[in-house]
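Data file: run-v8.csv. Format and content: CSV, C-alpha atoms and all ligand atoms.
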```csv
chain,number,residue,atom,x,y,z
A,1,MET,CA,82.0,-68.4,-153.6
A,2,SER,CA,85.6,-69.1,-154.8
A,3,SER,CA,86.7,-65.9,-153.2
A,4,LEU,CA,85.2,-66.9,-149.9
A,5,SER,CA,86.9,-70.3,-149.8
A,6,LEU,CA,90.1,-68.7,-150.7
A,7,LEU,CA,89.6,-66.3,-147.9
A,8,LEU,CA,88.9,-69.1,-145.5
A,9,LEU,CA,91.9,-70.9,-146.7
A,10,LEU,CA,94.1,-68.0,-146.2
A,11,LEU,CA,92.6,-66.9,-142.9
A,12,PRO,CA,95.2,-68.6,-140.7
A,13,PHE,CA,97.9,-67.0,-142.8
A,14,PHE,CA,96.3,-63.6,-142.4
A,15,LEU,CA,95.9,-64.1,-138.7
A,16,ILE,CA,99.6,-64.9,-138.3
A,17,GLN,CA,100.5,-62.0,-140.5
A,18,SER,CA,98.4,-59.6,-138.5
A,19,SER,CA,99.8,-60.7,-135.2
A,20,ILE,CA,103.3,-60.1,-136.7
A,21,ALA,CA,102.1,-56.7,-138.0
A,22,SER,CA,100.9,-55.8,-134.5
A,23,THR,CA,104.4,-56.1,-133.2
A,24,THR,CA,106.1,-54.2,-135.9
A,25,THR,CA,105.5,-50.6,-136.9
A,26,THR,CA,106.4,-50.9,-140.5
A,27,PRO,CA,103.6,-52.5,-142.6
A,28,SER,CA,104.8,-52.7,-146.2
A,29,VAL,CA,103.0,-51.9,-149.4
A,30,GLN,CA,103.2,-54.8,-151.8
A,31,THR,CA,102.0,-54.9,-155.4
A,32,LEU,CA,100.6,-58.3,-156.0
A,33,ASN,CA,99.1,-57.8,-159.4
A,34,THR,CA,100.6,-57.2,-162.9
A,35,LYS,CA,98.0,-54.5,-163.6
A,36,PRO,CA,99.7,-51.4,-162.5
A,37,THR,CA,96.5,-49.8,-161.1
A,38,ILE,CA,95.7,-52.6,-158.7
A,39,PHE,CA,97.5,-52.7,-155.4
A,40,ASN,CA,97.2,-54.4,-152.1
A,41,PRO,CA,98.2,-52.1,-149.2
A,42,LYS,CA,99.2,-54.2,-146.3
A,43,LEU,CA,97.3,-52.1,-143.8
A,44,PRO,CA,95.2,-53.7,-141.1
A,45,PRO,CA,91.6,-52.4,-141.0
A,46,ARG,CA,90.8,-49.7,-138.5
A,47,THR,CA,89.7,-51.1,-135.2
A,48,LEU,CA,86.8,-49.8,-133.2
A,49,SER,CA,86.1,-50.9,-129.7
A,50,SER,CA,83.1,-52.8,-130.9
A,51,SER,CA,83.3,-56.6,-131.3
A,52,LYS,CA,81.2,-56.5,-134.4
A,53,LYS,CA,83.8,-57.6,-136.8
A,54,PHE,CA,83.4,-61.0,-138.5
A,55,GLU,CA,85.7,-60.2,-141.4
A,56,GLY,CA,84.0,-62.2,-144.0
A,57,SER,CA,83.9,-65.6,-142.4
A,58,SER,CA,80.5,-67.1,-143.1
A,59,ASP,CA,80.8,-69.8,-140.5
A,60,LEU,CA,80.2,-67.2,-137.8
A,61,VAL,CA,77.5,-65.3,-139.7
A,62,GLN,CA,73.8,-66.0,-139.2
A,63,LEU,CA,72.3,-63.1,-141.0
A,64,ARG,CA,68.5,-63.5,-140.7
A,65,TYR,CA,65.4,-61.7,-141.7
A,66,HIS,CA,63.1,-60.6,-138.8
A,67,MET,CA,59.9,-59.9,-140.9
A,68,GLY,CA,60.1,-56.1,-140.9
A,69,PRO,CA,60.1,-53.7,-143.9
A,70,VAL,CA,63.0,-52.8,-146.1
A,71,LEU,CA,63.2,-49.6,-148.2
A,72,SER,CA,61.5,-50.9,-151.3
A,73,SER,CA,59.5,-47.8,-152.3
A,74,THR,CA,61.0,-46.1,-155.3
A,75,PRO,CA,62.8,-43.8,-155.3
A,76,ILE,CA,64.4,-43.7,-151.8
A,77,ASN,CA,64.2,-40.0,-151.0
A,78,ILE,CA,67.2,-38.8,-149.1
A,79,TYR,CA,66.9,-35.6,-147.0
A,80,LEU,CA,70.2,-34.1,-146.1
A,81,ILE,CA,70.7,-32.0,-143.0
A,82,TRP,CA,74.0,-30.2,-143.1
A,83,TYR,CA,74.7,-29.5,-139.4
A,84,GLY,CA,77.4,-26.8,-138.9
A,85,ARG,CA,79.8,-25.3,-141.4
A,86,TRP,CA,80.1,-27.1,-144.7
A,87,ALA,CA,82.2,-25.9,-147.7
A,88,LEU,CA,80.4,-26.2,-151.0
A,89,PRO,CA,83.0,-28.6,-152.5
A,90,GLN,CA,82.4,-30.9,-149.6
A,91,LYS,CA,78.7,-30.9,-150.1
A,92,LEU,CA,79.1,-31.5,-153.8
A,93,LEU,CA,81.4,-34.4,-153.2
A,94,ILE,CA,78.9,-36.1,-150.9
A,95,LYS,CA,76.0,-35.4,-153.2
A,96,ASP,CA,78.0,-36.8,-156.2
A,97,PHE,CA,78.4,-40.0,-154.2
A,98,LEU,CA,74.6,-40.2,-153.4
A,99,HIS,CA,73.7,-39.4,-157.0
A,100,SER,CA,76.0,-42.1,-158.3
A,101,ILE,CA,74.0,-44.8,-156.6
A,102,SER,CA,71.4,-44.7,-159.3
A,103,THR,CA,73.7,-43.9,-162.2
A,104,THR,CA,73.8,-47.1,-164.3
A,105,ASP,CA,75.1,-45.5,-167.5
A,106,LEU,CA,78.5,-46.9,-168.1
A,107,ARG,CA,79.7,-43.7,-169.8
A,108,ALA,CA,78.7,-41.7,-166.7
A,109,ALA,CA,80.3,-44.2,-164.3
A,110,PRO,CA,82.5,-47.0,-165.7
A,111,SER,CA,82.7,-50.4,-163.9
A,112,PRO,CA,83.3,-50.9,-161.0
A,113,SER,CA,80.8,-48.3,-160.1
A,114,VAL,CA,78.9,-47.0,-157.1
A,115,ALA,CA,75.6,-48.3,-158.7
A,116,GLU,CA,77.2,-51.8,-159.0
A,117,TRP,CA,78.2,-51.6,-155.3
A,118,TRP,CA,74.5,-50.8,-154.4
A,119,ARG,CA,73.4,-53.8,-156.3
A,120,THR,CA,74.3,-56.0,-153.3
A,121,VAL,CA,71.9,-53.9,-151.1
A,122,SER,CA,69.1,-54.3,-153.7
A,123,LEU,CA,69.3,-58.1,-153.2
A,124,TYR,CA,67.6,-57.8,-149.8
A,125,THR,CA,63.9,-58.3,-149.8
A,126,ASP,CA,61.0,-58.1,-147.4
A,127,GLN,CA,58.4,-60.8,-146.7
A,128,THR,CA,56.4,-59.7,-149.7
A,129,GLY,CA,59.4,-60.3,-152.0
A,130,ALA,CA,60.0,-56.6,-152.6
A,131,ASN,CA,63.6,-55.6,-153.1
A,132,VAL,CA,65.4,-52.6,-151.7
A,133,SER,CA,65.1,-49.9,-154.3
A,134,ARG,CA,67.9,-49.3,-156.8
A,135,SER,CA,66.8,-45.8,-157.2
A,136,VAL,CA,68.1,-43.2,-154.7
A,137,VAL,CA,67.6,-39.4,-155.0
A,138,VAL,CA,68.5,-36.4,-152.9
A,139,ALA,CA,65.0,-35.0,-152.4
A,140,GLY,CA,65.8,-32.1,-150.1
A,141,GLU,CA,68.4,-30.3,-148.1
A,142,HIS,CA,68.4,-28.2,-145.0
A,143,ALA,CA,71.4,-26.2,-143.6
A,144,ASP,CA,71.6,-26.0,-139.8
A,145,LEU,CA,74.2,-23.3,-140.0
A,146,LYS,CA,73.8,-22.0,-136.5
A,147,TYR,CA,74.3,-25.3,-134.7
A,148,SER,CA,70.7,-25.3,-133.4
A,149,HIS,CA,71.5,-27.9,-130.7
A,150,GLY,CA,75.1,-26.8,-130.0
A,151,LYS,CA,78.4,-28.4,-130.8
A,152,GLN,CA,77.9,-31.5,-128.7
A,153,LEU,CA,75.2,-33.8,-129.8
A,154,THR,CA,73.7,-36.9,-128.3
A,155,ARG,CA,71.7,-39.7,-129.9
A,156,LEU,CA,68.6,-38.0,-128.6
A,157,SER,CA,69.4,-34.4,-129.5
A,158,VAL,CA,70.0,-35.5,-133.0
A,159,GLN,CA,66.3,-36.3,-133.2
A,160,GLN,CA,65.5,-32.8,-132.2
A,161,VAL,CA,67.7,-31.6,-135.0
A,162,ILE,CA,65.5,-33.6,-137.4
A,163,ALA,CA,62.4,-32.3,-135.7
A,164,ASN,CA,63.6,-28.7,-136.2
A,165,ALA,CA,64.4,-29.4,-139.9
A,166,VAL,CA,61.1,-30.9,-140.7
A,167,ARG,CA,59.4,-28.0,-139.1
A,168,SER,CA,61.2,-25.6,-141.5
A,169,ALA,CA,59.3,-25.5,-144.8
A,170,PRO,CA,59.9,-26.6,-147.5
A,171,PHE,CA,61.7,-29.5,-145.8
A,172,PRO,CA,59.0,-32.2,-145.6
A,173,VAL,CA,58.1,-35.0,-143.4
A,174,ASP,CA,58.3,-37.9,-145.9
A,175,HIS,CA,57.2,-40.9,-144.0
A,176,LYS,CA,56.6,-43.0,-147.1
A,177,ASN,CA,59.9,-42.9,-149.0
A,178,GLY,CA,62.1,-40.6,-146.9
A,179,ILE,CA,65.3,-41.2,-145.0
A,180,TYR,CA,67.1,-38.4,-143.2
A,181,LEU,CA,70.9,-38.0,-143.1
A,182,ILE,CA,72.4,-35.7,-140.5
A,183,LEU,CA,75.9,-34.8,-141.5
A,184,THR,CA,77.9,-32.9,-138.8
A,185,SER,CA,80.9,-30.7,-139.6
A,186,GLU,CA,84.3,-31.5,-138.2
A,187,ASP,CA,83.9,-29.2,-135.2
A,188,VAL,CA,80.8,-31.0,-133.9
A,189,ALA,CA,81.2,-33.7,-131.2
A,190,MET,CA,78.8,-36.6,-130.9
A,191,GLN,CA,78.2,-39.0,-128.0
A,192,ASP,CA,80.5,-42.0,-128.6
A,193,PHE,CA,82.0,-40.4,-131.8
A,194,CYS,CA,85.6,-41.8,-132.4
A,195,ARG,CA,85.5,-44.0,-129.4
A,196,ALA,CA,82.8,-46.4,-130.5
A,197,VAL,CA,81.1,-45.1,-133.7
A,198,CYS,CA,81.8,-43.2,-136.9
A,199,GLY,CA,78.1,-43.1,-137.8
A,200,PHE,CA,74.9,-44.8,-136.7
A,201,HIS,CA,71.3,-45.2,-137.9
A,202,TYR,CA,68.0,-45.5,-136.2
A,203,PHE,CA,64.5,-44.2,-136.4
A,204,THR,CA,62.9,-41.2,-134.8
A,205,PHE,CA,60.3,-41.4,-132.1
A,206,PRO,CA,56.8,-39.9,-132.6
A,207,SER,CA,57.1,-38.3,-129.1
A,208,MET,CA,60.1,-36.3,-130.3
A,209,VAL,CA,59.6,-35.7,-134.0
A,210,GLY,CA,56.0,-36.5,-134.5
A,211,TYR,CA,56.7,-39.5,-136.8
A,212,THR,CA,58.8,-42.6,-137.1
A,213,LEU,CA,61.4,-41.6,-139.7
A,214,PRO,CA,64.5,-43.7,-140.5
A,215,TYR,CA,67.6,-41.6,-140.1
A,216,ALA,CA,71.4,-41.8,-139.9
A,217,TRP,CA,74.1,-39.6,-138.5
A,218,ILE,CA,77.6,-39.4,-139.9
A,219,GLY,CA,80.3,-37.0,-138.7
A,220,ASN,CA,83.3,-35.5,-140.4
A,221,SER,CA,86.1,-37.0,-138.4
A,222,GLY,CA,88.8,-34.9,-140.2
A,223,LYS,CA,89.9,-33.0,-137.1
A,224,GLN,CA,88.7,-35.3,-134.3
A,225,CYS,CA,89.8,-38.8,-135.2
A,226,PRO,CA,90.7,-39.4,-138.9
A,227,GLU,CA,92.9,-42.3,-137.9
A,228,VAL,CA,89.7,-44.1,-136.6
A,229,CYS,CA,86.9,-42.9,-138.9
A,230,ALA,CA,88.8,-41.8,-142.1
A,231,TYR,CA,91.0,-44.9,-142.1
A,232,PRO,CA,92.9,-45.8,-144.3
A,233,PHE,CA,93.4,-42.1,-145.3
A,234,ALA,CA,94.9,-41.5,-141.9
A,235,LEU,CA,96.8,-43.9,-139.7
A,236,PRO,CA,97.0,-44.3,-136.0
A,237,GLY,CA,100.2,-43.0,-134.4
A,238,TYR,CA,101.6,-46.5,-133.6
A,239,MET,CA,101.5,-47.4,-137.4
A,240,ALA,CA,102.7,-44.2,-138.9
A,241,GLY,CA,106.4,-44.2,-138.1
A,242,GLY,CA,108.6,-45.6,-140.9
A,243,GLY,CA,105.7,-47.3,-142.8
A,244,PRO,CA,104.3,-46.5,-146.2
A,245,GLY,CA,102.0,-43.9,-144.7
A,246,ALA,CA,98.3,-43.4,-145.2
A,247,LEU,CA,96.6,-44.0,-148.5
A,248,SER,CA,95.9,-40.9,-150.6
A,249,PRO,CA,92.2,-40.0,-150.6
A,250,PRO,CA,90.5,-40.0,-154.0
A,251,ASN,CA,89.1,-36.5,-153.7
A,252,LYS,CA,91.9,-34.9,-151.6
A,253,ASP,CA,89.7,-34.5,-148.5
A,254,VAL,CA,90.7,-37.0,-145.8
A,255,GLY,CA,87.7,-36.2,-143.6
A,256,VAL,CA,85.0,-36.2,-146.3
A,257,ASP,CA,86.5,-39.1,-148.4
A,258,GLY,CA,86.6,-41.1,-145.1
A,259,MET,CA,82.9,-40.1,-144.5
A,260,ILE,CA,81.8,-41.5,-147.8
A,261,SER,CA,82.5,-45.1,-146.8
A,262,VAL,CA,80.7,-44.5,-143.5
A,263,ILE,CA,77.7,-42.9,-145.4
A,264,GLY,CA,77.7,-46.0,-147.7
A,265,HIS,CA,77.8,-48.3,-144.6
A,266,GLU,CA,74.9,-46.5,-142.9
A,267,LEU,CA,72.8,-46.2,-146.1
A,268,ALA,CA,73.1,-49.9,-146.8
A,269,GLU,CA,72.0,-50.8,-143.3
A,270,LEU,CA,69.3,-48.2,-143.2
A,271,SER,CA,67.8,-49.6,-146.5
A,272,SER,CA,68.0,-53.3,-145.4
A,273,ASN,CA,67.1,-52.7,-141.8
A,274,PRO,CA,65.3,-49.3,-141.5
A,275,LEU,CA,63.3,-50.1,-138.3
A,276,VAL,CA,65.9,-52.5,-137.0
A,277,ASN,CA,63.5,-55.4,-137.4
A,278,ALA,CA,64.5,-56.7,-140.9
A,279,TRP,CA,68.0,-57.9,-141.8
A,280,TYR,CA,70.6,-58.5,-139.1
A,281,ALA,CA,72.7,-61.1,-137.4
A,282,GLY,CA,73.0,-61.9,-133.7
A,283,GLU,CA,70.3,-62.5,-131.2
A,284,ASP,CA,70.3,-59.1,-129.6
A,285,PRO,CA,68.2,-56.5,-131.4
A,286,THR,CA,69.7,-53.7,-129.3
A,287,ALA,CA,73.1,-54.6,-130.8
A,288,PRO,CA,72.3,-55.9,-134.3
A,289,THR,CA,75.1,-56.9,-136.6
A,290,GLU,CA,74.1,-55.6,-140.0
A,291,ILE,CA,75.2,-55.9,-143.6
A,292,GLY,CA,77.8,-53.1,-143.3
A,293,ASP,CA,79.1,-54.2,-139.9
A,294,LEU,CA,79.9,-57.7,-141.3
A,295,CYS,CA,82.4,-56.2,-143.8
A,296,GLU,CA,83.8,-53.2,-142.0
A,297,GLY,CA,87.4,-52.5,-143.1
A,298,LEU,CA,87.1,-54.6,-146.2
A,299,TYR,CA,87.5,-52.9,-149.6
A,300,GLY,CA,88.7,-55.5,-152.0
A,301,THR,CA,89.7,-59.1,-152.8
A,302,GLY,CA,92.1,-60.7,-150.3
A,303,GLY,CA,90.9,-58.5,-147.5
A,304,GLY,CA,90.1,-59.7,-144.1
A,305,GLY,CA,92.0,-60.9,-141.1
A,306,GLY,CA,94.0,-57.7,-141.0
A,307,TYR,CA,94.0,-56.4,-144.6
A,308,ILE,CA,91.8,-54.0,-146.5
A,309,GLY,CA,92.2,-56.0,-149.7
A,310,GLN,CA,93.1,-55.1,-153.3
A,311,VAL,CA,92.0,-51.6,-154.3
A,312,MET,CA,92.9,-49.3,-157.2
A,313,ARG,CA,95.3,-46.4,-157.5
A,314,ASP,CA,95.2,-43.8,-160.2
A,315,ARG,CA,98.2,-42.0,-161.8
A,316,GLU,CA,98.3,-39.4,-159.1
A,317,GLY,CA,98.4,-42.1,-156.4
A,318,ARG,CA,94.9,-41.7,-155.2
A,319,THR,CA,93.2,-44.8,-153.8
A,320,PHE,CA,89.7,-45.9,-154.7
A,321,ASN,CA,87.6,-48.9,-155.5
A,322,VAL,CA,84.5,-47.5,-157.3
A,323,ASN,CA,83.7,-44.9,-160.0
A,324,GLY,CA,80.9,-42.4,-159.7
A,325,ARG,CA,79.4,-39.7,-161.8
A,326,LYS,CA,81.4,-36.8,-163.3
A,327,GLY,CA,84.6,-38.9,-163.2
A,328,ARG,CA,84.5,-39.1,-159.4
A,329,LYS,CA,86.2,-41.9,-157.6
A,330,PHE,CA,85.4,-43.2,-154.1
A,331,LEU,CA,86.6,-45.8,-151.6
A,332,VAL,CA,83.7,-47.6,-150.1
A,333,GLN,CA,83.7,-50.7,-147.9
A,334,TRP,CA,82.2,-53.9,-149.1
A,335,LEU,CA,78.8,-55.2,-148.0
A,336,TRP,CA,77.4,-58.6,-147.0
A,337,SER,CA,75.8,-60.3,-150.0
A,338,PRO,CA,72.8,-62.6,-149.3
A,339,GLU,CA,73.6,-64.4,-152.6
A,340,LEU,CA,77.3,-65.1,-152.0
A,341,LYS,CA,77.0,-65.4,-148.2
A,342,ALA,CA,80.2,-63.3,-148.1
A,343,CYS,CA,81.3,-59.7,-148.4
A,344,ALA,CA,81.0,-58.4,-151.9
A,345,GLY,CA,82.0,-55.5,-154.0
A,346,PRO,CA,82.1,-54.6,-157.7
A,347,ASN,CA,86.0,-54.4,-157.7
A,348,ALA,CA,86.3,-58.1,-156.8
A,349,MET,CA,89.1,-59.8,-158.8
A,350,ASP,CA,87.2,-62.9,-159.8
A,401,LIG,C1,65.6,-59.2,-155.6
A,401,LIG,O1,66.2,-60.0,-154.6
A,401,LIG,C2,66.3,-61.4,-155.0
A,401,LIG,C3,66.8,-62.2,-153.8
A,401,LIG,O2,68.1,-61.7,-153.4
A,401,LIG,C4,67.2,-61.5,-156.2
A,401,LIG,O3,67.3,-62.8,-156.6
A,401,LIG,C5,66.7,-60.6,-157.3
A,401,LIG,O4,67.7,-60.6,-158.4
A,401,LIG,C6,66.5,-59.2,-156.8
A,401,LIG,N1,65.9,-58.4,-157.9
A,401,LIG,C7,66.3,-57.2,-158.3
A,401,LIG,C8,65.5,-56.5,-159.3
A,401,LIG,O5,67.3,-56.7,-157.8
```
Starting from the file, give its structure as structure tokens.
Ligand SMILES: *[C@@H]1O[C@H](CO)[C@@H](O)[C@H](O)[C@H]1NC(C)=O
Amino acid sequence: MSSLSLLLLLLPFFLIQSSIASTTTTPSVQTLNTKPTIFNPKLPPRTLSSSKKFEGSSDLVQLRYHMGPVLSSTPINIYLIWYGRWALPQKLLIKDFLHSISTTDLRAAPSPSVAEWWRTVSLYTDQTGANVSRSVVVAGEHADLKYSHGKQLTRLSVQQVIANAVRSAPFPVDHKNGIYLILTSEDVAMQDFCRAVCGFHYFTFPSMVGYTLPYAWIGNSGKQCPEVCAYPFALPGYMAGGGPGALSPPNKDVGVDGMISVIGHELAELSSNPLVNAWYAGEDPTAPTEIGDLCEGLYGTGGGGGYIGQVMRDREGRTFNVNGRKGRKFLVQWLWSPELKACAGPNAMD
């Protein structure tokens, strides 16, 4: 709660700062903390054309429960569909992130960890009092190497990609615990990609897939629009000149490191709002504002109103805010906490 009131207190200041920042092209990196590994890059969050950003101010937020299910079955089985050409290291990086969600062993992933980050999601319950599961596994993978539906996908053709995948044994239809993640390689275009979305989640229609299955799509923006969807690892042209430059990605892959935060955003929303009738803010169910949307662009304490907040930097200059398995580091956005009624993450400073 104290971080929230601090945020609200500082909001006018941030707003002034960000309006100044928008007229200058040289945002400066400033180290606010005595700990050498914490720093506070003065970078405004990426802006999409959507008006979904509330930036942590609880006055505007009326997150409500609409009586539908959450993903409470244990474990949550993730089925991955690798659409297009994926390099093995990229697949391993994404799978290490997903496997880290359930890793609670401090030796495997020291605090602040991905599992601690997921704790915020597990605070959401359904009307029976069942929480979102804390256990998440990769239950199956399917490679759509031949771009079965071409290199330009739409929100509907993505469902056909899933239909294809679940027809190919041994990739199952798991309508009890399953969620489906379609990950497209950097040469695949998606309806509204870059312009309005970096990822989305929904559920399949029985008429197209045979079942109602929660799914999410996330694209590798590395070639198409890293400054939008892999921000802050790439900066838009108007900010790049003379400034401190983009932050260094934790795993040296701008596109995939940027995707990790979008995957986290979609997974959190998929779990707390799988059929788009559980947890969201706003009156319009066709444009729900969900627990990831509320905190988009926020990665640490002091973020909001134009700044990403305090994050960590390792000796090699790589930026991150959570630890995962096998010594991995990731930068993931914060999520709306129903407990704090504010955006929360395990790297909070208080
Ligand atoms: C379940 O959610 C409730 C309400 O947010 C929370 O108080 C409780 O700690 C959660 N339980 C678990 C096991 O996460």
query: Suppose you want the space between atom CA of Ala216 of chain A and atom CA of Gly327 of chain A; what is it in Å?
result: 26.9 Å
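Distances here use only C-alpha atoms and all ligand atoms; by that measure, the residue among A:Leu93, A:Leu183, A:Val121, A:Val322 closest to ligand LIG 401 (chain A) is A:Val121.
Pairwise distance (atom CA of Trp118 of chain A, atom CA of Arg134 of chain A) equals 7.2 Å.
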message: as an NGL selection string, please: every protein or nucleic acid residue near ligand LIG 401 (chain A) (cut-off 9 Å, counting all atoms listed in the file).
response: :A and (119-125 or 129-134 or 337-339)
- request: Compile the contact shell of Asn251 of chain A as a PyMOL selection string: residues with an atom at most 10 Å away, counting only C-alpha atoms, same-chain residues fewer than 6 positions apart removed.
  value: chain A and resi 90+93+257+318-320+328-331
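Taking atom CA of Gly317 of chain A as the reference point, atom CA of Tyr299 of chain A is found at 16.8 Å.
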Phe171 of chain A surroundings by all atoms listed in the file, 9 Å radius, close-in-sequence under 2 positions cut, as a ChimeraX atom specification: /A:79,140-142,165-169,173
Selection file, C-alpha atoms, as a compact mmCIF listing (two decimals), keeping the file's coordinate frame:
```txt
# COMPACT_ATOMS: atom_id res chain seq x y z
CA TYR A 79 66.90 -35.60 -147.00
CA GLY A 140 65.80 -32.10 -150.10
CA GLU A 141 68.40 -30.30 -148.10
CA HIS A 142 68.40 -28.20 -145.00
CA ALA A 165 64.40 -29.40 -139.90
CA VAL A 166 61.10 -30.90 -140.70
CA ARG A 167 59.40 -28.00 -139.10
CA SER A 168 61.20 -25.60 -141.50
CA ALA A 169 59.30 -25.50 -144.80
CA VAL A 173 58.10 -35.00 -143.40
```
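Among the candidates A:Arg64, A:Phe97, A:Ala189, A:Glu283, the one nearest to Thr154 of chain A when counting all atoms listed in the file is A:Ala189.
Summary of the local environment: counting all atoms listed in the file, residues at most 8 Å from Ala348 of chain A, other than itself and those fewer than 2 positions away along its chain, are Gly300, Thr301, Ala344, Gly345, Pro346 and Asp350 of chain A.
Compared by their closest atoms to Pro226 of chain A, and using only C-alpha atoms, the residues A:Ile182, A:Val256, A:Met239, A:Ile94 rank with A:Val256 nearest.
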task: Please provide the set of residues having any atom within 6 Å of Ala109 of chain A, restricted to all atoms listed in the file, with same-chain residues fewer than 4 positions apart removed, written as a PyMOL selection string.
output: chain A and resi 113+323-325
- line: Closest of A:Leu71, A:Ala87, A:Leu294, A:Val276 to Lys341 of chain A, counting all atoms listed in the file, is A:Leu294
statement: Of A:Val311, A:Leu80, A:Val70, A:Leu335, the one sitting nearest Pro250 of chain A when using only C-alpha atoms is A:Val311
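Remark: for Thr103 of chain A, the closest of the candidate residues A:Pro89, A:Leu247, A:Ile81, A:Ser135 is A:Ser135 (distances computed over all atoms listed in the file).
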message: Please return as a ChimeraX atom specification every residue within 12 Å of (74.1, -47.6, -140.4), taking into account all atoms listed in the file and the file's own coordinates.
response: /A:179-181,197-203,214-218,261-276,280,287-294,296,335
Excluding Leu145 of chain A and residues on its chain fewer than 5 positions from it, collect all residues at most 12 Å away from it, counting all atoms listed in the file, and give them as a PDB file with C-alpha atoms, in the frame of the given file.
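The result, stored in around-v2.pdb:
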```
ATOM      1  CA  ILE A  81      70.700 -32.000-143.000  1.00  0.00           C
ATOM      2  CA  TRP A  82      74.000 -30.200-143.100  1.00  0.00           C
ATOM      3  CA  TYR A  83      74.700 -29.500-139.400  1.00  0.00           C
ATOM      4  CA  GLY A  84      77.400 -26.800-138.900  1.00  0.00           C
ATOM      5  CA  ARG A  85      79.800 -25.300-141.400  1.00  0.00           C
ATOM      6  CA  TRP A  86      80.100 -27.100-144.700  1.00  0.00           C
ATOM      7  CA  ALA A  87      82.200 -25.900-147.700  1.00  0.00           C
ATOM      8  CA  GLY A 150      75.100 -26.800-130.000  1.00  0.00           C
ATOM      9  CA  LYS A 151      78.400 -28.400-130.800  1.00  0.00           C
ATOM     10  CA  VAL A 161      67.700 -31.600-135.000  1.00  0.00           C
ATOM     11  CA  ALA A 165      64.400 -29.400-139.900  1.00  0.00           C
ATOM     12  CA  LEU A 183      75.900 -34.800-141.500  1.00  0.00           C
ATOM     13  CA  THR A 184      77.900 -32.900-138.800  1.00  0.00           C
ATOM     14  CA  SER A 185      80.900 -30.700-139.600  1.00  0.00           C
ATOM     15  CA  VAL A 188      80.800 -31.000-133.900  1.00  0.00           C
TER      16      VAL A 188
END
```
Just add N, CA and C atoms to segment 261-273 of chain A and send it as a short mmCIF file (atom, residue, chain, number, x, y, z; two decimals), in the coordinates of the input.
```cif
data_model
loop_
_atom_site.label_atom_id
_atom_site.label_comp_id
_atom_site.auth_asym_id
_atom_site.auth_seq_id
_atom_site.Cartn_x
_atom_site.Cartn_y
_atom_site.Cartn_z
N SER A 261 82.65 -43.65 -147.08
CA SER A 261 82.50 -45.10 -146.80
C SER A 261 81.54 -45.30 -145.63
N VAL A 262 81.58 -44.39 -144.66
CA VAL A 262 80.70 -44.50 -143.50
C VAL A 262 79.23 -44.22 -143.96
N ILE A 263 79.07 -43.24 -144.83
CA ILE A 263 77.70 -42.90 -145.40
C ILE A 263 77.21 -44.18 -146.13
N GLY A 264 78.09 -44.80 -146.93
CA GLY A 264 77.70 -46.00 -147.70
C GLY A 264 77.27 -47.12 -146.72
N HIS A 265 78.05 -47.30 -145.67
CA HIS A 265 77.80 -48.30 -144.60
C HIS A 265 76.38 -48.06 -144.03
N GLU A 266 76.13 -46.83 -143.60
CA GLU A 266 74.90 -46.50 -142.90
C GLU A 266 73.68 -46.59 -143.89
N LEU A 267 73.88 -46.12 -145.12
CA LEU A 267 72.80 -46.20 -146.10
C LEU A 267 72.38 -47.60 -146.41
N ALA A 268 73.39 -48.46 -146.54
CA ALA A 268 73.10 -49.90 -146.80
C ALA A 268 72.32 -50.51 -145.70
N GLU A 269 72.69 -50.17 -144.47
CA GLU A 269 72.00 -50.80 -143.30
C GLU A 269 70.62 -50.14 -143.12
N LEU A 270 70.54 -48.85 -143.34
CA LEU A 270 69.30 -48.20 -143.20
C LEU A 270 68.25 -48.76 -144.23
N SER A 271 68.72 -49.12 -145.41
CA SER A 271 67.80 -49.60 -146.50
C SER A 271 67.41 -51.07 -146.23
N SER A 272 68.30 -51.85 -145.64
CA SER A 272 68.00 -53.30 -145.40
C SER A 272 67.44 -53.53 -144.03
N ASN A 273 67.49 -52.52 -143.16
CA ASN A 273 67.10 -52.70 -141.80
C ASN A 273 66.57 -51.38 -141.18
#
```
